[in-house]
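Here is structure-v2.cif, consisting of mmCIF, N, CA and C atoms:
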```
data_model
loop_
_atom_site.label_atom_id
_atom_site.label_comp_id
_atom_site.auth_asym_id
_atom_site.auth_seq_id
_atom_site.Cartn_x
_atom_site.Cartn_y
_atom_site.Cartn_z
N MET A 1 9.32 -81.87 218.41
CA MET A 1 10.40 -80.98 218.05
C MET A 1 11.12 -81.56 216.83
N PRO A 2 11.29 -80.78 215.78
CA PRO A 2 11.89 -81.30 214.55
C PRO A 2 13.39 -81.60 214.63
N ILE A 3 14.09 -81.08 215.63
CA ILE A 3 15.52 -81.38 215.79
C ILE A 3 15.67 -82.50 216.81
N GLN A 4 16.23 -83.60 216.37
CA GLN A 4 16.45 -84.76 217.23
C GLN A 4 17.92 -84.77 217.65
N VAL A 5 18.17 -84.94 218.94
CA VAL A 5 19.53 -85.00 219.46
C VAL A 5 19.91 -86.47 219.65
N ASN A 6 20.93 -86.90 218.94
CA ASN A 6 21.39 -88.29 218.99
C ASN A 6 22.68 -88.42 219.78
N LEU A 7 22.79 -87.64 220.84
CA LEU A 7 24.01 -87.64 221.65
C LEU A 7 24.24 -89.00 222.30
N ASP A 8 23.19 -89.64 222.77
CA ASP A 8 23.34 -90.94 223.40
C ASP A 8 23.90 -91.99 222.44
N VAL A 9 23.53 -91.88 221.17
CA VAL A 9 24.02 -92.82 220.15
C VAL A 9 25.53 -92.64 219.97
N MET A 10 25.97 -91.38 219.85
CA MET A 10 27.40 -91.11 219.67
C MET A 10 28.19 -91.50 220.92
N MET A 11 27.62 -91.25 222.08
CA MET A 11 28.30 -91.64 223.32
C MET A 11 28.49 -93.16 223.37
N ALA A 12 27.48 -93.90 222.96
CA ALA A 12 27.57 -95.36 222.95
C ALA A 12 28.62 -95.83 221.94
N LYS A 13 28.63 -95.20 220.76
CA LYS A 13 29.62 -95.58 219.73
C LYS A 13 31.04 -95.34 220.20
N ARG A 14 31.23 -94.28 220.98
CA ARG A 14 32.57 -93.91 221.46
C ARG A 14 32.87 -94.49 222.85
N LYS A 15 31.89 -95.24 223.39
CA LYS A 15 32.03 -95.86 224.71
C LYS A 15 32.42 -94.83 225.77
N LYS A 16 31.69 -93.71 225.76
CA LYS A 16 31.96 -92.62 226.69
C LYS A 16 30.78 -92.45 227.62
N ARG A 17 31.04 -92.41 228.92
CA ARG A 17 30.00 -92.24 229.92
C ARG A 17 29.63 -90.77 230.07
N ALA A 18 28.42 -90.53 230.55
CA ALA A 18 27.91 -89.16 230.69
C ALA A 18 28.80 -88.32 231.60
N GLY A 19 29.20 -88.86 232.73
CA GLY A 19 30.03 -88.11 233.66
C GLY A 19 31.36 -87.72 233.06
N GLU A 20 31.94 -88.65 232.32
CA GLU A 20 33.22 -88.41 231.66
C GLU A 20 33.09 -87.32 230.60
N LEU A 21 32.03 -87.41 229.78
CA LEU A 21 31.81 -86.42 228.73
C LEU A 21 31.52 -85.04 229.32
N ALA A 22 30.69 -84.99 230.34
CA ALA A 22 30.35 -83.72 230.98
C ALA A 22 31.61 -83.04 231.50
N GLN A 23 32.50 -83.81 232.09
CA GLN A 23 33.74 -83.24 232.62
C GLN A 23 34.63 -82.73 231.49
N GLU A 24 34.75 -83.50 230.41
CA GLU A 24 35.59 -83.08 229.27
C GLU A 24 35.05 -81.83 228.61
N VAL A 25 33.72 -81.74 228.51
CA VAL A 25 33.08 -80.61 227.83
C VAL A 25 33.02 -79.38 228.73
N GLY A 26 32.96 -79.60 230.04
CA GLY A 26 32.88 -78.49 230.97
C GLY A 26 31.46 -78.03 231.24
N ILE A 27 30.52 -78.98 231.22
CA ILE A 27 29.13 -78.69 231.58
C ILE A 27 28.71 -79.63 232.69
N THR A 28 27.61 -79.28 233.34
CA THR A 28 27.14 -80.13 234.43
C THR A 28 26.51 -81.41 233.87
N LEU A 29 26.49 -82.42 234.68
CA LEU A 29 25.88 -83.69 234.29
C LEU A 29 24.39 -83.49 234.00
N SER A 30 23.73 -82.63 234.78
CA SER A 30 22.30 -82.38 234.55
C SER A 30 22.06 -81.69 233.21
N ASN A 31 22.93 -80.75 232.82
CA ASN A 31 22.77 -80.10 231.51
C ASN A 31 23.05 -81.07 230.37
N LEU A 32 24.02 -81.95 230.55
CA LEU A 32 24.29 -82.97 229.54
C LEU A 32 23.10 -83.91 229.42
N SER A 33 22.50 -84.26 230.54
CA SER A 33 21.33 -85.13 230.54
C SER A 33 20.16 -84.48 229.81
N ILE A 34 19.97 -83.19 229.99
CA ILE A 34 18.91 -82.45 229.29
C ILE A 34 19.13 -82.55 227.78
N LEU A 35 20.37 -82.36 227.34
CA LEU A 35 20.68 -82.47 225.91
C LEU A 35 20.46 -83.89 225.42
N LYS A 36 20.99 -84.84 226.17
CA LYS A 36 20.94 -86.25 225.79
C LYS A 36 19.50 -86.76 225.66
N ASN A 37 18.62 -86.25 226.51
CA ASN A 37 17.23 -86.70 226.50
C ASN A 37 16.32 -85.84 225.63
N ASN A 38 16.95 -85.02 224.77
CA ASN A 38 16.22 -84.21 223.79
C ASN A 38 15.24 -83.23 224.46
N LYS A 39 15.59 -82.72 225.63
CA LYS A 39 14.73 -81.79 226.36
C LYS A 39 15.25 -80.36 226.28
N GLY A 40 16.42 -80.15 225.70
CA GLY A 40 17.02 -78.82 225.61
C GLY A 40 16.32 -77.96 224.58
N LYS A 41 16.37 -76.67 224.81
CA LYS A 41 15.79 -75.70 223.88
C LYS A 41 16.85 -75.07 222.98
N ALA A 42 18.10 -75.08 223.44
CA ALA A 42 19.19 -74.46 222.69
C ALA A 42 20.51 -75.07 223.13
N ILE A 43 21.53 -74.85 222.31
CA ILE A 43 22.88 -75.28 222.65
C ILE A 43 23.84 -74.23 222.11
N ARG A 44 24.80 -73.86 222.91
CA ARG A 44 25.82 -72.91 222.45
C ARG A 44 26.75 -73.62 221.47
N PHE A 45 27.20 -72.88 220.47
CA PHE A 45 28.16 -73.45 219.52
C PHE A 45 29.43 -73.88 220.24
N GLU A 46 29.82 -73.16 221.26
CA GLU A 46 30.99 -73.51 222.06
C GLU A 46 30.83 -74.89 222.69
N THR A 47 29.64 -75.16 223.21
CA THR A 47 29.35 -76.46 223.83
C THR A 47 29.29 -77.55 222.77
N LEU A 48 28.65 -77.27 221.64
CA LEU A 48 28.56 -78.24 220.55
C LEU A 48 29.96 -78.58 220.04
N GLU A 49 30.80 -77.57 219.91
CA GLU A 49 32.18 -77.78 219.46
C GLU A 49 32.93 -78.68 220.44
N ALA A 50 32.77 -78.43 221.73
CA ALA A 50 33.46 -79.23 222.75
C ALA A 50 32.97 -80.67 222.74
N ILE A 51 31.67 -80.87 222.54
CA ILE A 51 31.12 -82.22 222.46
C ILE A 51 31.68 -82.94 221.24
N CYS A 52 31.69 -82.26 220.10
CA CYS A 52 32.22 -82.87 218.88
C CYS A 52 33.69 -83.22 219.02
N LYS A 53 34.45 -82.36 219.69
CA LYS A 53 35.87 -82.62 219.91
C LYS A 53 36.05 -83.84 220.81
N ALA A 54 35.28 -83.90 221.89
CA ALA A 54 35.39 -85.01 222.84
C ALA A 54 34.97 -86.34 222.24
N LEU A 55 34.00 -86.30 221.32
CA LEU A 55 33.48 -87.54 220.71
C LEU A 55 34.07 -87.81 219.33
N ALA A 56 34.96 -86.91 218.87
CA ALA A 56 35.57 -87.03 217.54
C ALA A 56 34.50 -87.25 216.48
N CYS A 57 33.55 -86.30 216.41
CA CYS A 57 32.46 -86.42 215.46
C CYS A 57 32.10 -85.05 214.88
N GLN A 58 31.14 -85.02 214.01
CA GLN A 58 30.64 -83.79 213.39
C GLN A 58 29.30 -83.43 214.02
N PRO A 59 28.89 -82.15 213.97
CA PRO A 59 27.58 -81.75 214.52
C PRO A 59 26.42 -82.57 213.93
N GLY A 60 26.52 -82.92 212.66
CA GLY A 60 25.48 -83.71 212.01
C GLY A 60 25.37 -85.13 212.55
N ASP A 61 26.40 -85.60 213.25
CA ASP A 61 26.34 -86.91 213.88
C ASP A 61 25.49 -86.86 215.15
N ILE A 62 25.33 -85.66 215.70
CA ILE A 62 24.61 -85.48 216.95
C ILE A 62 23.21 -84.90 216.73
N LEU A 63 23.11 -83.94 215.80
CA LEU A 63 21.83 -83.26 215.54
C LEU A 63 21.24 -83.74 214.22
N GLU A 64 19.96 -84.02 214.24
CA GLU A 64 19.26 -84.52 213.04
C GLU A 64 17.93 -83.80 212.90
N TYR A 65 17.63 -83.34 211.70
CA TYR A 65 16.35 -82.70 211.42
C TYR A 65 15.34 -83.78 211.02
N VAL A 66 14.25 -83.86 211.78
CA VAL A 66 13.19 -84.83 211.49
C VAL A 66 11.89 -84.03 211.34
N PRO A 67 11.40 -83.89 210.11
CA PRO A 67 10.20 -83.08 209.91
C PRO A 67 9.00 -83.66 210.65
N GLU A 68 8.18 -82.76 211.19
CA GLU A 68 6.95 -83.19 211.88
C GLU A 68 5.91 -83.59 210.86
N GLU A 69 5.14 -84.59 211.21
CA GLU A 69 4.04 -85.00 210.33
C GLU A 69 2.91 -84.02 210.46
N LYS A 70 2.25 -83.76 209.36
CA LYS A 70 1.13 -82.80 209.37
C LYS A 70 -0.17 -83.47 209.68
#
```

What is this structure when it is put down as structure tokens?
Amino acid sequence: MPIQVNLDVMMAKRKKRAGELAQEVGITLSNLSILKNNKGKAIRFETLEAICKALACQPGDILEYVPEEK
């Protein structure tokens, strides 16, 4: 998948645990885990905004485009 989710990196930088972030964002721990482990297919802008607010970061700090090798 060309979009890499670096949520775990930002969580570590902000010293925020998954349970704490999930509660602040208003999503389940399992849905946060899906995002964190790069298994998600989509993310709502509302959820992305809440994550960025909770981690005091920009969407580009969490999402990264990594082109696939041919």

| task | Mind giving me the straight-line distance from CA of Lys36 in chain A to CA of Met10 in chain A in Å, one decimal? | result | 10.1 Å

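The two atoms in question, CA of Gly60 in chain A and atom N of Ile3 in chain A, are spaced 12.2 Å apart.
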
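CA of Tyr65 in chain A is found 5.6 Å from CA of Pro2 in chain A.
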
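Remark: for Leu7 in chain A, the closest of the candidate residues A:Ile62, A:Cys57, A:Leu32, A:Ile51 is A:Ile62 (distances computed over only N, CA and C atoms).
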
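Between Asp8 in chain A and the candidates A:Phe45, A:Ser33, A:Pro59, A:Glu69, the tightest atom-to-atom separation, counting only C-alpha atoms, involves A:Ser33.
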
| request: Evaluate the PyMOL selection byres ((chain A and resi 18-28) around 7) on the structure here and hand back the selected residues as a VMD selection string. | output: chain A and resid 16 to 17 29 to 33 47 50 to 51 54

| query | Would you give me, as a ChimeraX atom specification, the residues in chain A that DSSP reads as helix (DSSP H, G or I)? | reply | /A:7-13,18-25,29-36,45-55,59-62

Please write out, as AutoDock Vina command-line options, where the centre of an axis-aligned box around all listed atoms of range 22-41 of chain A lies and how long its edges are, in Å to one decimal, after adding 4 Å on each side.
```
--center_x 25.2 --center_y -80.9 --center_z 228.9 --size_x 28.9 --size_y 19.7 --size_z 19.8
```

| query | DSSP on the backbone: what in chain A comes out strand (DSSP E or B), as a PyMOL selection string? | reply | chain A and resi 3-5+63-65

Residues of the last selection are to be written out with N, CA and C atoms, as a PDB file, in the coordinates of the input.
```
ATOM      1  N   ILE A   3      14.090 -81.080 215.630  1.00  0.00           N
ATOM      2  CA  ILE A   3      15.520 -81.380 215.790  1.00  0.00           C
ATOM      3  C   ILE A   3      15.670 -82.500 216.810  1.00  0.00           C
ATOM      4  N   GLN A   4      16.230 -83.600 216.370  1.00  0.00           N
ATOM      5  CA  GLN A   4      16.450 -84.760 217.230  1.00  0.00           C
ATOM      6  C   GLN A   4      17.920 -84.770 217.650  1.00  0.00           C
ATOM      7  N   VAL A   5      18.170 -84.940 218.940  1.00  0.00           N
ATOM      8  CA  VAL A   5      19.530 -85.000 219.460  1.00  0.00           C
ATOM      9  C   VAL A   5      19.910 -86.470 219.650  1.00  0.00           C
ATOM     10  N   LEU A  63      23.110 -83.940 215.800  1.00  0.00           N
ATOM     11  CA  LEU A  63      21.830 -83.260 215.540  1.00  0.00           C
ATOM     12  C   LEU A  63      21.240 -83.740 214.220  1.00  0.00           C
ATOM     13  N   GLU A  64      19.960 -84.020 214.240  1.00  0.00           N
ATOM     14  CA  GLU A  64      19.260 -84.520 213.040  1.00  0.00           C
ATOM     15  C   GLU A  64      17.930 -83.800 212.900  1.00  0.00           C
ATOM     16  N   TYR A  65      17.630 -83.340 211.700  1.00  0.00           N
ATOM     17  CA  TYR A  65      16.350 -82.700 211.420  1.00  0.00           C
ATOM     18  C   TYR A  65      15.340 -83.780 211.020  1.00  0.00           C
TER      19      TYR A  65
END
```

| query | Leaving out Asn6 in chain A and any residue of its chain fewer than 3 positions from it, which residues lie within 6.5 Å of it when counting all atoms listed in the file, given as an MDAnalysis selection string? | reply | chainID A and resid 9:11 61:64

Need a file for range 8-21 of chain A from that block: C-alpha atoms, written as a PDB file, in the first residue's frame.
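The file below, part.pdb, is the result:
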```pdb
ATOM      1  CA  ASP A   8       2.887   4.774  16.258  1.00  0.00           C
ATOM      2  CA  VAL A   9       5.848   7.106  15.669  1.00  0.00           C
ATOM      3  CA  MET A  10       3.827  10.201  16.606  1.00  0.00           C
ATOM      4  CA  MET A  11       2.345   8.439  19.624  1.00  0.00           C
ATOM      5  CA  ALA A  12       5.857   7.585  20.831  1.00  0.00           C
ATOM      6  CA  LYS A  13       7.065  11.160  20.266  1.00  0.00           C
ATOM      7  CA  ARG A  14       4.134  12.506  22.293  1.00  0.00           C
ATOM      8  CA  LYS A  15       4.390   9.714  24.900  1.00  0.00           C
ATOM      9  CA  LYS A  16       0.727   8.868  24.415  1.00  0.00           C
ATOM     10  CA  ARG A  17      -0.648   5.365  24.952  1.00  0.00           C
ATOM     11  CA  ALA A  18      -3.136   3.760  22.577  1.00  0.00           C
ATOM     12  CA  GLY A  19      -5.929   3.589  25.138  1.00  0.00           C
ATOM     13  CA  GLU A  20      -5.488   7.226  26.062  1.00  0.00           C
ATOM     14  CA  LEU A  21      -5.469   8.356  22.419  1.00  0.00           C
TER      15      LEU A  21
END
```
